[in-house]
Amino acid sequence: MSTDAEAAEFRQFLDEEKIAAEDRVIRRIALRGAASEGIAVTRADLVPEITITAEGVYWHPVGAEDPDLLITRDIFPLSESFAAVRRAFDRESEHANKVARIFNCA
């Protein structure tokens, strides 16, 4: 799904097919990889879902080939690769909080 209208149309189709809501997973298309349309996402937009490939440890499966989501090429020990993701998450959170303090609107 790349638009709200497409998502609504697909939900209607699933309703007509009597697919229960708890059996559905509907996600937008991310503008990454081979996608020519979709939602542009960055690391800051995504909650980490640690993804391990032969190339290394990535922030999220949506960008498991993209250098900007690569956390480390060192897969082992797993405890260290998971710790690297936690450190990256802490840095992302710290940056978001800093920007919110600098650019406060209310």
# chains A, B, ... in the order shown; residues from 1 in each chain; ligands from 1

$ residues_around --residues "Leu46 of chain A" --least-positions-apart "5" --cutoff "12 Å" --atoms "only C-alpha atoms" --output "CSV table (one decimal) with N, CA and C atoms, in the first residue's frame"
chain,number,residue,atom,x,y,z
A,30,ALA,N,7.6,0.7,1.8
A,30,ALA,CA,8.7,1.7,2.1
A,30,ALA,C,9.5,2.0,0.8
A,39,ILE,N,6.7,5.2,1.1
A,39,ILE,CA,7.0,6.1,2.1
A,39,ILE,C,8.5,6.1,2.3
A,40,ALA,N,9.1,7.3,2.2
A,40,ALA,CA,10.6,7.4,2.5
A,40,ALA,C,10.7,7.3,4.0
A,41,VAL,N,11.6,6.3,4.5
A,41,VAL,CA,11.8,6.2,5.9
A,41,VAL,C,13.3,6.2,6.2
A,58,TYR,N,21.6,-5.2,11.0
A,58,TYR,CA,20.9,-4.0,10.6
A,58,TYR,C,19.8,-3.6,11.6
A,59,TRP,N,19.4,-2.3,11.5
A,59,TRP,CA,18.4,-1.7,12.4
A,59,TRP,C,17.1,-2.3,12.2
A,60,HIS,N,16.7,-2.6,10.9
A,60,HIS,CA,15.3,-3.0,10.6
A,60,HIS,C,15.3,-3.8,9.3
A,61,PRO,N,14.4,-4.8,9.1
A,61,PRO,CA,14.4,-5.5,7.9
A,61,PRO,C,14.1,-4.7,6.7
A,62,VAL,N,13.4,-3.6,6.8
A,62,VAL,CA,13.0,-2.8,5.6
A,62,VAL,C,14.3,-2.3,4.9
A,63,GLY,N,15.4,-2.2,5.6
A,63,GLY,CA,16.6,-1.7,5.0
A,63,GLY,C,17.8,-2.6,5.2
A,69,LEU,N,21.3,1.8,7.4
A,69,LEU,CA,20.6,1.0,8.5
A,69,LEU,C,21.6,-0.1,9.0
A,89,PHE,N,20.3,3.0,19.3
A,89,PHE,CA,19.0,3.4,19.7
A,89,PHE,C,19.1,4.6,20.7
A,92,GLU,N,20.0,7.7,18.8
A,92,GLU,CA,18.8,8.2,18.1
A,92,GLU,C,17.9,8.9,19.0
A,93,SER,N,17.6,8.3,20.2
A,93,SER,CA,16.7,8.9,21.2
A,93,SER,C,17.3,10.2,21.7

$ residues_around --residues "Arg11 of chain A" --least-positions-apart "3" --cutoff "12 Å" --atoms "only C-alpha atoms" --output "number ranges by chain"
A: 1, 4-8, 14-21, 23-27

$ select_by_dssp --residues "chain A" --states "strand (DSSP E or B)" --output "list in words"
Ala30, Ile39, Thr51, Ile52, Thr53, Gly56, Val57, Tyr58, Leu70, Ile71 and Thr72 of chain A

$ closest_residue --among "A:Glu55, A:Asp90, A:Glu22, A:Asp68" --to "Arg43 of chain A" --atoms "only C-alpha atoms"
A:Asp68

$ select_by_dssp --residues "chain A" --states "alpha helix (DSSP H)" --output "PyMOL selection string"
chain A and resi 4-16+78-102

$ atom_distance --atom1 "atom CA of Ile50 of chain A" --atom2 "atom CA of Ala83 of chain A"
10.8 Å

$ closest_residue --among "A:Ile52, A:Ala44, A:Phe13, A:Ser2" --to "Arg91 of chain A" --atoms "only C-alpha atoms"
A:Ala44

$ closest_residue --among "A:Lys98, A:Arg87, A:Arg28, A:Arg73" --to "Phe10 of chain A" --atoms "only C-alpha atoms"
A:Arg28

$ atom_distance --atom1 "atom CA of Glu9 of chain A" --atom2 "atom CA of Glu37 of chain A"
17.8 Å

$ atom_distance --atom1 "atom CA of Thr53 of chain A" --atom2 "atom CA of Pro67 of chain A"
12.6 Å
